[in-house]
$ cat upload32.cif   # mmCIF, C-alpha atoms
data_target
loop_
_atom_site.group_PDB
_atom_site.id
_atom_site.type_symbol
_atom_site.label_atom_id
_atom_site.label_comp_id
_atom_site.auth_asym_id
_atom_site.auth_seq_id
_atom_site.Cartn_x
_atom_site.Cartn_y
_atom_site.Cartn_z
ATOM 1 C CA MET K 1 -23.017 17.799 -15.077
ATOM 2 C CA ASN K 2 -23.071 14.025 -15.546
ATOM 3 C CA ALA K 3 -20.273 11.586 -16.278
ATOM 4 C CA GLN K 4 -21.475 8.565 -18.131
ATOM 5 C CA LEU K 5 -20.282 5.289 -19.557
ATOM 6 C CA PRO K 6 -22.194 2.508 -21.326
ATOM 7 C CA MET K 7 -23.385 -0.277 -19.054
ATOM 8 C CA VAL K 8 -21.462 -3.493 -19.693
ATOM 9 C CA GLY K 9 -23.126 -6.739 -20.703
ATOM 10 C CA GLY K 10 -25.357 -5.660 -23.545
ATOM 11 C CA ASP K 11 -27.525 -3.280 -21.544
ATOM 12 C CA ALA K 12 -28.245 -0.250 -23.757
ATOM 13 C CA ARG K 13 -28.906 2.045 -20.817
ATOM 14 C CA GLU K 14 -26.238 4.460 -19.703
ATOM 15 C CA LEU K 15 -25.131 4.783 -16.103
ATOM 16 C CA THR K 16 -24.651 8.400 -15.060
ATOM 17 C CA ILE K 17 -23.555 10.185 -11.919
ATOM 18 C CA GLY K 18 -24.864 13.641 -11.106
ATOM 19 C CA ASP K 19 -23.175 16.458 -9.216
ATOM 20 C CA LYS K 20 -24.894 15.682 -5.911
ATOM 21 C CA GLU K 21 -24.016 11.989 -5.947
ATOM 22 C CA PHE K 22 -20.436 12.643 -7.032
ATOM 23 C CA ARG K 23 -19.968 15.115 -4.180
ATOM 24 C CA GLN K 24 -21.437 12.617 -1.723
ATOM 25 C CA LEU K 25 -19.118 9.848 -2.888
ATOM 26 C CA ALA K 26 -16.094 12.147 -2.916
ATOM 27 C CA LYS K 27 -16.783 13.264 0.666
ATOM 28 C CA LEU K 28 -17.356 9.724 1.877
ATOM 29 C CA VAL K 29 -14.126 8.452 0.295
ATOM 30 C CA HIS K 30 -12.135 11.380 1.680
ATOM 31 C CA ASP K 31 -13.584 10.896 5.161
ATOM 32 C CA GLU K 32 -12.993 7.143 5.082
ATOM 33 C CA CYS K 33 -9.441 6.983 3.764
ATOM 34 C CA GLY K 34 -8.167 10.461 2.835
ATOM 35 C CA ILE K 35 -8.265 9.944 -0.933
ATOM 36 C CA VAL K 36 -9.246 13.018 -2.949
ATOM 37 C CA LEU K 37 -11.632 12.433 -5.874
ATOM 38 C CA ALA K 38 -11.198 15.486 -8.065
ATOM 39 C CA GLU K 39 -13.693 16.449 -10.775
ATOM 40 C CA ALA K 40 -11.475 14.810 -13.382
ATOM 41 C CA LYS K 41 -12.095 11.452 -11.679
ATOM 42 C CA ARG K 42 -15.823 11.321 -12.524
ATOM 43 C CA GLY K 43 -15.367 8.918 -15.414
ATOM 44 C CA LEU K 44 -13.128 6.670 -13.329
ATOM 45 C CA VAL K 45 -15.712 6.576 -10.528
ATOM 46 C CA VAL K 46 -18.446 5.519 -12.951
ATOM 47 C CA SER K 47 -16.334 2.874 -14.674
ATOM 48 C CA ARG K 48 -15.068 1.328 -11.457
ATOM 49 C CA LEU K 49 -18.419 1.285 -9.669
ATOM 50 C CA ALA K 50 -20.604 0.152 -12.565
ATOM 51 C CA ARG K 51 -20.067 -3.509 -11.703
ATOM 52 C CA ARG K 52 -20.937 -2.944 -8.044
ATOM 53 C CA LEU K 53 -24.231 -1.303 -8.991
ATOM 54 C CA ARG K 54 -25.087 -4.187 -11.320
ATOM 55 C CA GLU K 55 -24.232 -6.755 -8.659
ATOM 56 C CA LEU K 56 -26.472 -4.915 -6.194
ATOM 57 C CA GLY K 57 -29.282 -4.598 -8.727
ATOM 58 C CA MET K 58 -29.202 -0.807 -8.568
ATOM 59 C CA ALA K 59 -30.016 1.367 -11.549
ATOM 60 C CA ASP K 60 -28.539 4.681 -10.346
ATOM 61 C CA PHE K 61 -25.972 6.283 -8.077
ATOM 62 C CA GLY K 62 -28.664 7.892 -5.961
ATOM 63 C CA SER K 63 -29.692 4.460 -4.676
ATOM 64 C CA TYR K 64 -26.071 3.519 -4.154
ATOM 65 C CA CYS K 65 -25.340 6.649 -2.133
ATOM 66 C CA ARG K 66 -28.373 5.992 0.073
ATOM 67 C CA LEU K 67 -27.075 2.476 0.748
ATOM 68 C CA LEU K 68 -23.616 3.767 1.638
ATOM 69 C CA GLN K 69 -25.055 6.284 4.087
ATOM 70 C CA SER K 70 -27.314 3.742 5.796
ATOM 71 C CA ARG K 71 -26.465 1.512 8.730
ATOM 72 C CA GLN K 72 -26.540 -1.468 6.384
ATOM 73 C CA GLY K 73 -23.974 0.158 4.108
ATOM 74 C CA GLU K 74 -20.897 -0.336 6.289
ATOM 75 C CA ALA K 75 -19.738 -3.449 4.442
ATOM 76 C CA GLU K 76 -20.384 -1.779 1.093
ATOM 77 C CA ARG K 77 -18.139 1.134 2.033
ATOM 78 C CA GLU K 78 -15.287 -1.369 2.128
ATOM 79 C CA ASN K 79 -16.199 -2.496 -1.404
ATOM 80 C CA LEU K 80 -16.324 1.142 -2.487
ATOM 81 C CA ILE K 81 -12.794 1.852 -1.261
ATOM 82 C CA SER K 82 -11.539 -1.384 -2.790
ATOM 83 C CA ALA K 83 -13.021 -0.456 -6.182
ATOM 84 C CA LEU K 84 -11.596 3.058 -6.197
ATOM 85 C CA THR K 85 -8.078 2.452 -4.904
ATOM 86 C CA THR K 86 -5.322 1.955 -7.462
ATOM 87 C CA ASN K 87 -3.141 -1.140 -7.137
ATOM 88 C CA VAL K 88 -0.387 -0.684 -9.702
ATOM 89 C CA THR K 89 2.758 -2.430 -8.530
ATOM 90 C CA ARG K 90 5.464 -4.864 -9.544
ATOM 91 C CA PHE K 91 8.452 -6.650 -8.071
ATOM 92 C CA PHE K 92 11.493 -4.437 -7.470
ATOM 93 C CA ARG K 93 9.680 -1.337 -8.674
ATOM 94 C CA GLU K 94 11.974 1.713 -8.645
ATOM 95 C CA ASP K 95 15.064 -0.488 -8.617
ATOM 96 C CA HIS K 96 17.351 2.211 -7.216
ATOM 97 C CA HIS K 97 15.561 1.918 -3.872
ATOM 98 C CA PHE K 98 16.351 -1.775 -3.663
ATOM 99 C CA ARG K 99 19.969 -1.218 -4.617
ATOM 100 C CA ALA K 100 20.284 1.288 -1.766
ATOM 101 C CA LEU K 101 18.574 -1.209 0.540
ATOM 102 C CA GLU K 102 20.944 -3.986 -0.488
ATOM 103 C CA LYS K 103 24.200 -2.042 -0.392
ATOM 104 C CA ASP K 104 23.756 0.698 2.186
ATOM 105 C CA ILE K 105 21.039 -0.269 4.653
ATOM 106 C CA LEU K 106 20.506 -3.991 5.103
ATOM 107 C CA PRO K 107 24.119 -4.985 5.904
ATOM 108 C CA GLY K 108 24.111 -2.867 9.080
ATOM 109 C CA LEU K 109 20.632 -4.022 10.097
ATOM 110 C CA ILE K 110 21.551 -7.670 9.540
ATOM 111 C CA ASP K 111 24.683 -7.234 11.631
ATOM 112 C CA ARG K 112 22.530 -5.833 14.432
ATOM 113 C CA ALA K 113 20.086 -8.740 14.158
ATOM 114 C CA ARG K 114 22.916 -11.284 14.280
ATOM 115 C CA LYS K 115 23.948 -9.656 17.561
ATOM 116 C CA ARG K 116 20.410 -10.308 18.880
ATOM 117 C CA GLY K 117 19.088 -6.883 17.948
ATOM 118 C CA ARG K 118 15.625 -6.075 16.605
ATOM 119 C CA VAL K 119 14.918 -5.024 12.978
ATOM 120 C CA ARG K 120 11.551 -3.857 11.684
ATOM 121 C CA ILE K 121 10.613 -2.847 8.131
ATOM 122 C CA TRP K 122 7.219 -1.492 7.062
ATOM 123 C CA SER K 123 5.695 -1.624 3.583
ATOM 124 C CA ALA K 124 2.845 0.881 3.916
ATOM 125 C CA GLY K 125 0.416 0.594 1.017
ATOM 126 C CA CYS K 126 1.780 -2.809 0.022
ATOM 127 C CA SER K 127 -0.943 -3.564 -2.556
ATOM 128 C CA THR K 128 -0.810 -7.210 -3.682
ATOM 129 C CA GLY K 129 2.490 -7.911 -1.958
ATOM 130 C CA GLU K 130 5.172 -7.436 -4.597
ATOM 131 C CA GLU K 131 6.952 -4.749 -2.570
ATOM 132 C CA PRO K 132 7.299 -6.644 0.737
ATOM 133 C CA TYR K 133 8.280 -9.839 -1.087
ATOM 134 C CA SER K 134 10.962 -7.863 -2.946
ATOM 135 C CA ILE K 135 12.280 -6.602 0.388
ATOM 136 C CA ALA K 136 12.220 -10.142 1.792
ATOM 137 C CA MET K 137 14.200 -11.482 -1.178
ATOM 138 C CA GLU K 138 16.857 -8.830 -0.655
ATOM 139 C CA LEU K 139 17.027 -9.827 3.006
ATOM 140 C CA LEU K 140 17.324 -13.553 2.378
ATOM 141 C CA ASP K 141 19.969 -13.076 -0.312
ATOM 142 C CA LEU K 142 22.148 -11.349 2.283
ATOM 143 C CA CYS K 143 21.000 -13.293 5.331
ATOM 144 C CA PRO K 144 19.597 -16.776 4.634
ATOM 145 C CA GLU K 145 18.847 -17.253 8.338
ATOM 146 C CA ALA K 146 16.793 -14.028 8.564
ATOM 147 C CA ALA K 147 13.574 -15.817 9.598
ATOM 148 C CA ASP K 148 15.410 -17.183 12.655
ATOM 149 C CA LEU K 149 16.475 -13.711 13.761
ATOM 150 C CA ASP K 150 14.362 -10.842 15.110
ATOM 151 C CA ILE K 151 13.753 -9.405 11.647
ATOM 152 C CA ARG K 152 10.202 -8.831 10.460
ATOM 153 C CA ILE K 153 8.451 -7.005 7.622
ATOM 154 C CA LEU K 154 5.022 -5.472 8.219
ATOM 155 C CA ALA K 155 2.925 -5.150 5.043
ATOM 156 C CA THR K 156 -0.276 -3.104 5.229
ATOM 157 C CA ASP K 157 -2.934 -1.828 2.844
ATOM 158 C CA ILE K 158 -6.434 -0.428 3.225
ATOM 159 C CA ASP K 159 -7.906 -3.028 0.849
ATOM 160 C CA PRO K 160 -8.457 -6.473 2.467
ATOM 161 C CA LYS K 161 -8.681 -8.047 -0.995
ATOM 162 C CA VAL K 162 -5.130 -7.122 -1.957
ATOM 163 C CA ILE K 163 -3.947 -8.137 1.515
ATOM 164 C CA ALA K 164 -5.416 -11.592 0.865
ATOM 165 C CA THR K 165 -3.525 -11.763 -2.431
ATOM 166 C CA GLY K 166 -0.295 -10.859 -0.673
ATOM 167 C CA GLN K 167 -0.860 -13.454 2.033
ATOM 168 C CA ALA K 168 -1.436 -16.144 -0.589
ATOM 169 C CA GLY K 169 1.744 -15.078 -2.402
ATOM 170 C CA ILE K 170 0.609 -16.490 -5.739
ATOM 171 C CA TYR K 171 1.598 -14.705 -8.956
ATOM 172 C CA SER K 172 1.487 -15.396 -12.675
ATOM 173 C CA GLU K 173 4.636 -15.837 -14.719
ATOM 174 C CA ALA K 174 4.037 -12.387 -16.224
ATOM 175 C CA GLY K 175 3.582 -10.989 -12.723
ATOM 176 C CA LEU K 176 7.040 -12.266 -11.776
ATOM 177 C CA GLU K 177 8.677 -10.095 -14.414
ATOM 178 C CA GLY K 178 11.519 -8.287 -12.731
ATOM 179 C CA VAL K 179 12.401 -11.297 -10.568
ATOM 180 C CA SER K 180 15.594 -12.911 -11.841
ATOM 181 C CA LYS K 181 15.622 -16.590 -12.820
ATOM 182 C CA THR K 182 17.840 -17.343 -9.848
ATOM 183 C CA ARG K 183 15.426 -15.736 -7.433
ATOM 184 C CA ARG K 184 12.415 -17.365 -9.082
ATOM 185 C CA SER K 185 13.889 -20.811 -8.591
ATOM 186 C CA ARG K 186 14.947 -19.994 -5.030
ATOM 187 C CA TYR K 187 11.871 -18.196 -3.747
ATOM 188 C CA PHE K 188 8.899 -19.410 -5.820
ATOM 189 C CA ALA K 189 7.441 -22.805 -6.664
ATOM 190 C CA ALA K 190 4.653 -23.948 -8.966
ATOM 191 C CA ALA K 191 1.314 -23.298 -7.222
ATOM 192 C CA PRO K 192 -0.544 -26.614 -6.738
ATOM 193 C CA GLY K 193 -3.515 -26.940 -9.072
ATOM 194 C CA ARG K 194 -2.946 -23.542 -10.678
ATOM 195 C CA ALA K 195 -1.325 -23.816 -14.088
ATOM 196 C CA GLY K 196 1.083 -21.001 -14.889
ATOM 197 C CA GLN K 197 0.958 -19.676 -11.304
ATOM 198 C CA PHE K 198 3.835 -19.553 -8.830
ATOM 199 C CA GLN K 199 3.688 -19.319 -5.038
ATOM 200 C CA ALA K 200 6.168 -17.747 -2.642
ATOM 201 C CA VAL K 201 7.976 -20.400 -0.605
ATOM 202 C CA ASP K 202 7.368 -20.648 3.134
ATOM 203 C CA GLY K 203 10.786 -19.241 3.981
ATOM 204 C CA LEU K 204 9.948 -16.024 2.120
ATOM 205 C CA LYS K 205 6.476 -15.752 3.602
ATOM 206 C CA ALA K 206 7.778 -16.268 7.112
ATOM 207 C CA LEU K 207 9.403 -12.827 7.150
ATOM 208 C CA ILE K 208 6.206 -10.921 6.335
ATOM 209 C CA SER K 209 3.072 -10.134 8.335
ATOM 210 C CA PHE K 210 0.197 -8.822 6.202
ATOM 211 C CA ALA K 211 -2.561 -6.754 7.801
ATOM 212 C CA PRO K 212 -5.271 -4.320 6.666
ATOM 213 C CA LEU K 213 -4.661 -0.741 7.776
ATOM 214 C CA ASN K 214 -6.250 2.599 6.975
ATOM 215 C CA LEU K 215 -3.406 5.124 7.088
ATOM 216 C CA ILE K 216 -5.644 7.947 8.286
ATOM 217 C CA ALA K 217 -7.097 5.873 11.131
ATOM 218 C CA ARG K 218 -5.441 4.775 14.379
ATOM 219 C CA TRP K 219 -2.206 2.804 14.024
ATOM 220 C CA PRO K 220 -1.935 -0.103 16.486
ATOM 221 C CA MET K 221 1.816 -0.637 16.076
ATOM 222 C CA ARG K 222 4.360 1.151 18.249
ATOM 223 C CA GLY K 223 7.583 0.916 16.297
ATOM 224 C CA PRO K 224 10.271 1.889 16.009
ATOM 225 C CA PHE K 225 10.787 1.004 12.346
ATOM 226 C CA ASP K 226 14.215 0.929 10.749
ATOM 227 C CA VAL K 227 12.936 1.197 7.167
ATOM 228 C CA VAL K 228 9.588 2.471 5.867
ATOM 229 C CA PHE K 229 8.442 2.118 2.277
ATOM 230 C CA CYS K 230 5.456 4.361 1.499
ATOM 231 C CA ARG K 231 5.613 4.829 -2.241
ATOM 232 C CA ASN K 232 2.973 6.212 -4.588
ATOM 233 C CA VAL K 233 0.402 6.319 -1.793
ATOM 234 C CA VAL K 234 0.214 9.853 -0.425
ATOM 235 C CA ILE K 235 -0.168 11.346 -3.922
ATOM 236 C CA TYR K 236 -3.866 10.462 -3.596
ATOM 237 C CA PHE K 237 -4.229 12.599 -0.434
ATOM 238 C CA ASP K 238 -4.572 16.344 -0.024
ATOM 239 C CA ASN K 239 -1.616 18.383 1.231
ATOM 240 C CA ALA K 240 -2.873 18.604 4.817
ATOM 241 C CA THR K 241 -3.285 14.817 5.062
ATOM 242 C CA GLN K 242 0.154 14.287 3.532
ATOM 243 C CA GLU K 243 1.754 16.542 6.138
ATOM 244 C CA ILE K 244 0.081 14.617 8.938
ATOM 245 C CA LEU K 245 1.156 11.258 7.531
ATOM 246 C CA TRP K 246 4.809 12.216 7.156
ATOM 247 C CA GLN K 247 4.788 13.381 10.779
ATOM 248 C CA ARG K 248 3.183 10.146 11.921
ATOM 249 C CA PHE K 249 5.757 8.072 10.064
ATOM 250 C CA ALA K 250 8.519 10.124 11.685
ATOM 251 C CA SER K 251 7.045 9.441 15.118
ATOM 252 C CA LEU K 252 7.509 5.687 14.585
ATOM 253 C CA MET K 253 11.015 5.868 13.150
ATOM 254 C CA ALA K 254 14.239 5.798 15.111
ATOM 255 C CA PRO K 255 17.001 8.329 14.331
ATOM 256 C CA GLY K 256 19.003 7.037 11.381
ATOM 257 C CA SER K 257 16.136 4.991 9.954
ATOM 258 C CA HIS K 258 15.189 5.239 6.283
ATOM 259 C CA LEU K 259 12.052 6.367 4.429
ATOM 260 C CA PHE K 260 11.408 5.582 0.754
ATOM 261 C CA ILE K 261 8.683 7.487 -1.113
ATOM 262 C CA GLY K 262 7.346 7.486 -4.679
ATOM 263 C CA HIS K 263 9.018 9.259 -7.591
ATOM 264 C CA SER K 264 6.159 11.794 -7.823
ATOM 265 C CA GLU K 265 6.013 12.513 -4.091
ATOM 266 C CA ARG K 266 7.694 15.117 -1.940
ATOM 267 C CA LEU K 267 7.958 15.627 1.796
ATOM 268 C CA GLY K 268 6.124 18.585 3.248
ATOM 269 C CA ARG K 269 7.941 21.482 4.872
ATOM 270 C CA ALA K 270 7.356 20.276 8.432
ATOM 271 C CA ALA K 271 8.553 16.760 7.623
ATOM 272 C CA GLU K 272 11.719 18.081 5.999
ATOM 273 C CA GLU K 273 12.825 19.177 9.467
ATOM 274 C CA GLN K 274 12.817 15.545 10.581
ATOM 275 C CA PHE K 275 14.346 13.892 7.514
ATOM 276 C CA ALA K 276 17.557 14.441 5.582
ATOM 277 C CA THR K 277 17.902 13.525 1.901
ATOM 278 C CA ALA K 278 19.773 10.231 1.477
ATOM 279 C CA GLY K 279 19.221 9.512 -2.220
ATOM 280 C CA ILE K 280 16.583 9.727 -4.919
ATOM 281 C CA THR K 281 13.234 9.896 -3.070
ATOM 282 C CA GLN K 282 15.047 8.396 -0.092
ATOM 283 C CA TYR K 283 15.333 10.056 3.315
ATOM 284 C CA ARG K 284 17.046 9.403 6.622
ATOM 285 C CA ARG K 285 15.363 10.180 9.926
ATOM 286 C CA THR K 286 17.203 12.855 11.876
ATOM 287 C CA ALA K 287 17.419 13.116 15.639
ATOM 288 C CA ALA K 288 14.677 15.769 15.785
ATOM 289 C CA ALA K 289 11.791 14.760 18.049
ATOM 290 C CA ALA K 290 8.515 13.895 16.351
ATOM 291 C CA ASN K 291 5.517 15.897 17.426
ATOM 292 C CA ALA K 292 2.607 13.832 16.140
ATOM 293 C CA PRO K 293 1.553 10.795 18.217
ATOM 294 C CA ALA K 294 1.252 7.603 16.210
ATOM 295 C CA ASP K 295 -2.377 6.884 17.091
ATOM 296 C CA LYS K 296 -3.912 10.212 16.032
ATOM 297 C CA THR K 297 -4.669 11.801 12.689
#

$ encode --input "upload32.cif" --output "structure tokens"
Amino acid sequence: MNAQLPMVGGDARELTIGDKEFRQLAKLVHDECGIVLAEAKRGLVVSRLARRLRELGMADFGSYCRLLQSRQGEAERENLISALTTNVTRFFREDHHFRALEKDILPGLIDRARKRGRVRIWSAGCSTGEEPYSIAMELLDLCPEAADLDIRILATDIDPKVIATGQAGIYSEAGLEGVSKTRRSRYFAAAPGRAGQFQAVDGLKALISFAPLNLIARWPMRGPFDVVFCRNVVIYFDNATQEILWQRFASLMAPGSHLFIGHSERLGRAAEEQFATAGITQYRRTAAAANAPADKT
């Protein structure tokens, strides 16, 4: 069975992927980052990788698979994951989570920070940065001096390209949809030399540390985290990987801390023993001890 799409750019040839090559790519992607490429994803794989093959001057997926499996293919594996990961996001996505953050969670954390306590928030699978910047805006609205306190947001994603976008903090006017006019004027300024683009101000950026991270690899951070956002990420993993990830998150969260997940996601049975429902796709860490160490899959 072959999935095929027309080559772009006037080339009449068709790029196809056979069963063997699709299985090889699916295994490599799963081994690298835990993402499952089901049979229904064949067309997506072809469409997203067609440009890479053209840029490499390759006419077929057989050649591409041989490159990926070679010693010289390590850098290309990063491009592969970048091409196949989905980065759909926006500011204040799933607004009910941010209302809970504003009203129920941040006031207590800010009070702790003002008493010289430590506050840590993690945006896991942050994509191009809209989620951590949304969190930072909520923080600064309630606590303008947040950057001077021990409050920090960690923003991670497997794709270094989207991490770079988040670090730059530059978005189009359309991309800022969902950010109120008041917040736009307070937290964004016209990006120098980039018409129609707006850049996050230094005070907003100061709260966030962006870093690449593969969620199924070793985690260098120790925690504990007070809030974890991991939304619309684990739906791309198989059930076994999801179970492991929820346990690993629990191991880095203090009792009483909060976990936000995507609207299509559910905690596994084992994780439910360590979290109590606190709202719509929102959970609170219980006092149960976590079993999975943070640096193992």

$ closest_residue --input "upload32.cif" --among "K:Phe198, K:Arg114, K:His30, K:Leu252" --to "Glu173 of chain K" --atoms "all atoms listed in the file"
K:Phe198

$ axis_aligned_box --input "upload32.cif" --around "segment 14-18 of chain K" --padding-each-side "6 Å" --output "lines of an AutoDock Vina configuration file"
center_x = -24.9
center_y = 9.1
center_z = -15.4
size_x = 14.7
size_y = 21.2
size_z = 20.6

$ closest_atom_pairs --input "upload32.cif" --of "segment 166-255 of chain K" --to "segment 124-138 of chain K" --cutoff "6 Å" --atoms "all atoms listed in the file" --output "tab-separated table"
residue	atom	partner	partner_atom	distance
K:Gly166	CA	K:Gly129	CA	4.3
K:Phe229	CA	K:Ala124	CA	6.0
K:Cys230	CA	K:Ala124	CA	5.0

$ residues_around --input "upload32.cif" --residues "Leu154 of chain K" --least-positions-apart "4" --cutoff "6 Å" --atoms "all atoms listed in the file" --output "number ranges by chain"
K: 122, 208-209

$ write_last_selection --input "upload32.cif" --atoms "C-alpha atoms" --output "mmCIF file, in the coordinates of the input"
data_model
loop_
_atom_site.group_PDB
_atom_site.id
_atom_site.type_symbol
_atom_site.label_atom_id
_atom_site.label_comp_id
_atom_site.auth_asym_id
_atom_site.auth_seq_id
_atom_site.Cartn_x
_atom_site.Cartn_y
_atom_site.Cartn_z
ATOM 1 C CA TRP K 122 7.219 -1.492 7.062
ATOM 2 C CA ILE K 208 6.206 -10.921 6.335
ATOM 3 C CA SER K 209 3.072 -10.134 8.335
#

$ resolve_selection --input "upload32.cif" --expression "the PyMOL selection byres ((chain K and resi 213) around 6)" --output "list of chain:residue names"
K:Thr156, K:Asp157, K:Ile158, K:Pro212, K:Asn214

$ closest_residue --input "upload32.cif" --among "K:Ile170, K:Leu204, K:Ala38, K:Val227" --to "Leu109 of chain K" --atoms "all atoms listed in the file"
K:Val227

$ atom_distance --input "upload32.cif" --atom1 "atom CA of Ile121 of chain K" --atom2 "atom CA of Ile153 of chain K"
4.7 Å

$ build_atoms --input "upload32.cif" --residues "segment 215-240 of chain K" --atoms "N, CA and C atoms" --output "PDB file, in the coordinates of the input"
ATOM      1  N   LEU K 215      -4.467   4.231   6.639  1.00  0.00           N
ATOM      2  CA  LEU K 215      -3.406   5.124   7.088  1.00  0.00           C
ATOM      3  C   LEU K 215      -3.910   6.369   7.804  1.00  0.00           C
ATOM      4  N   ILE K 216      -5.157   6.753   7.582  1.00  0.00           N
ATOM      5  CA  ILE K 216      -5.644   7.947   8.286  1.00  0.00           C
ATOM      6  C   ILE K 216      -6.395   7.596   9.565  1.00  0.00           C
ATOM      7  N   ALA K 217      -6.476   6.306   9.884  1.00  0.00           N
ATOM      8  CA  ALA K 217      -7.097   5.873  11.131  1.00  0.00           C
ATOM      9  C   ALA K 217      -6.012   5.637  12.184  1.00  0.00           C
ATOM     10  N   ARG K 218      -6.394   5.052  13.305  1.00  0.00           N
ATOM     11  CA  ARG K 218      -5.441   4.775  14.379  1.00  0.00           C
ATOM     12  C   ARG K 218      -4.476   3.671  13.945  1.00  0.00           C
ATOM     13  N   TRP K 219      -3.209   3.825  14.302  1.00  0.00           N
ATOM     14  CA  TRP K 219      -2.206   2.804  14.024  1.00  0.00           C
ATOM     15  C   TRP K 219      -1.944   1.997  15.300  1.00  0.00           C
ATOM     16  N   PRO K 220      -2.141   0.691  15.277  1.00  0.00           N
ATOM     17  CA  PRO K 220      -1.935  -0.103  16.486  1.00  0.00           C
ATOM     18  C   PRO K 220      -0.474  -0.387  16.799  1.00  0.00           C
ATOM     19  N   MET K 221       0.413  -0.286  15.827  1.00  0.00           N
ATOM     20  CA  MET K 221       1.816  -0.637  16.076  1.00  0.00           C
ATOM     21  C   MET K 221       2.546   0.525  16.754  1.00  0.00           C
ATOM     22  N   ARG K 222       3.621   0.169  17.458  1.00  0.00           N
ATOM     23  CA  ARG K 222       4.360   1.151  18.249  1.00  0.00           C
ATOM     24  C   ARG K 222       5.725   1.507  17.674  1.00  0.00           C
ATOM     25  N   GLY K 223       6.250   0.650  16.822  1.00  0.00           N
ATOM     26  CA  GLY K 223       7.583   0.916  16.297  1.00  0.00           C
ATOM     27  C   GLY K 223       8.648   0.583  17.336  1.00  0.00           C
ATOM     28  N   PRO K 224       9.869   1.081  17.151  1.00  0.00           N
ATOM     29  CA  PRO K 224      10.271   1.889  16.009  1.00  0.00           C
ATOM     30  C   PRO K 224      10.591   1.037  14.781  1.00  0.00           C
ATOM     31  N   PHE K 225      10.449   1.658  13.602  1.00  0.00           N
ATOM     32  CA  PHE K 225      10.787   1.004  12.346  1.00  0.00           C
ATOM     33  C   PHE K 225      12.146   1.508  11.863  1.00  0.00           C
ATOM     34  N   ASP K 226      12.893   0.592  11.280  1.00  0.00           N
ATOM     35  CA  ASP K 226      14.215   0.929  10.749  1.00  0.00           C
ATOM     36  C   ASP K 226      14.150   1.361   9.290  1.00  0.00           C
ATOM     37  N   VAL K 227      13.150   0.845   8.566  1.00  0.00           N
ATOM     38  CA  VAL K 227      12.936   1.197   7.167  1.00  0.00           C
ATOM     39  C   VAL K 227      11.431   1.279   6.934  1.00  0.00           C
ATOM     40  N   VAL K 228      10.993   2.328   6.256  1.00  0.00           N
ATOM     41  CA  VAL K 228       9.588   2.471   5.867  1.00  0.00           C
ATOM     42  C   VAL K 228       9.521   2.727   4.373  1.00  0.00           C
ATOM     43  N   PHE K 229       8.768   1.889   3.680  1.00  0.00           N
ATOM     44  CA  PHE K 229       8.442   2.118   2.277  1.00  0.00           C
ATOM     45  C   PHE K 229       7.005   2.629   2.232  1.00  0.00           C
ATOM     46  N   CYS K 230       6.808   3.846   1.749  1.00  0.00           N
ATOM     47  CA  CYS K 230       5.456   4.361   1.499  1.00  0.00           C
ATOM     48  C   CYS K 230       5.531   5.084   0.153  1.00  0.00           C
ATOM     49  N   ARG K 231       5.334   4.318  -0.898  1.00  0.00           N
ATOM     50  CA  ARG K 231       5.613   4.829  -2.241  1.00  0.00           C
ATOM     51  C   ARG K 231       4.330   4.866  -3.074  1.00  0.00           C
ATOM     52  N   ASN K 232       4.128   6.016  -3.706  1.00  0.00           N
ATOM     53  CA  ASN K 232       2.973   6.212  -4.588  1.00  0.00           C
ATOM     54  C   ASN K 232       1.660   5.966  -3.860  1.00  0.00           C
ATOM     55  N   VAL K 233       1.604   6.430  -2.631  1.00  0.00           N
ATOM     56  CA  VAL K 233       0.402   6.319  -1.793  1.00  0.00           C
ATOM     57  C   VAL K 233      -0.146   7.704  -1.466  1.00  0.00           C
ATOM     58  N   VAL K 234       0.709   8.567  -0.909  1.00  0.00           N
ATOM     59  CA  VAL K 234       0.214   9.853  -0.425  1.00  0.00           C
ATOM     60  C   VAL K 234      -0.150  10.809  -1.560  1.00  0.00           C
ATOM     61  N   ILE K 235       0.223  10.482  -2.803  1.00  0.00           N
ATOM     62  CA  ILE K 235      -0.168  11.346  -3.922  1.00  0.00           C
ATOM     63  C   ILE K 235      -1.680  11.414  -4.084  1.00  0.00           C
ATOM     64  N   TYR K 236      -2.408  10.464  -3.491  1.00  0.00           N
ATOM     65  CA  TYR K 236      -3.866  10.462  -3.596  1.00  0.00           C
ATOM     66  C   TYR K 236      -4.522  11.268  -2.475  1.00  0.00           C
ATOM     67  N   PHE K 237      -3.707  11.830  -1.560  1.00  0.00           N
ATOM     68  CA  PHE K 237      -4.229  12.599  -0.434  1.00  0.00           C
ATOM     69  C   PHE K 237      -4.027  14.092  -0.663  1.00  0.00           C
ATOM     70  N   ASP K 238      -4.791  14.901   0.059  1.00  0.00           N
ATOM     71  CA  ASP K 238      -4.572  16.344  -0.024  1.00  0.00           C
ATOM     72  C   ASP K 238      -3.330  16.723   0.787  1.00  0.00           C
ATOM     73  N   ASN K 239      -2.879  17.963   0.610  1.00  0.00           N
ATOM     74  CA  ASN K 239      -1.616  18.383   1.231  1.00  0.00           C
ATOM     75  C   ASN K 239      -1.644  18.282   2.750  1.00  0.00           C
ATOM     76  N   ALA K 240      -2.782  18.649   3.354  1.00  0.00           N
ATOM     77  CA  ALA K 240      -2.873  18.604   4.817  1.00  0.00           C
ATOM     78  C   ALA K 240      -2.722  17.171   5.322  1.00  0.00           C
TER      79      ALA K 240
END
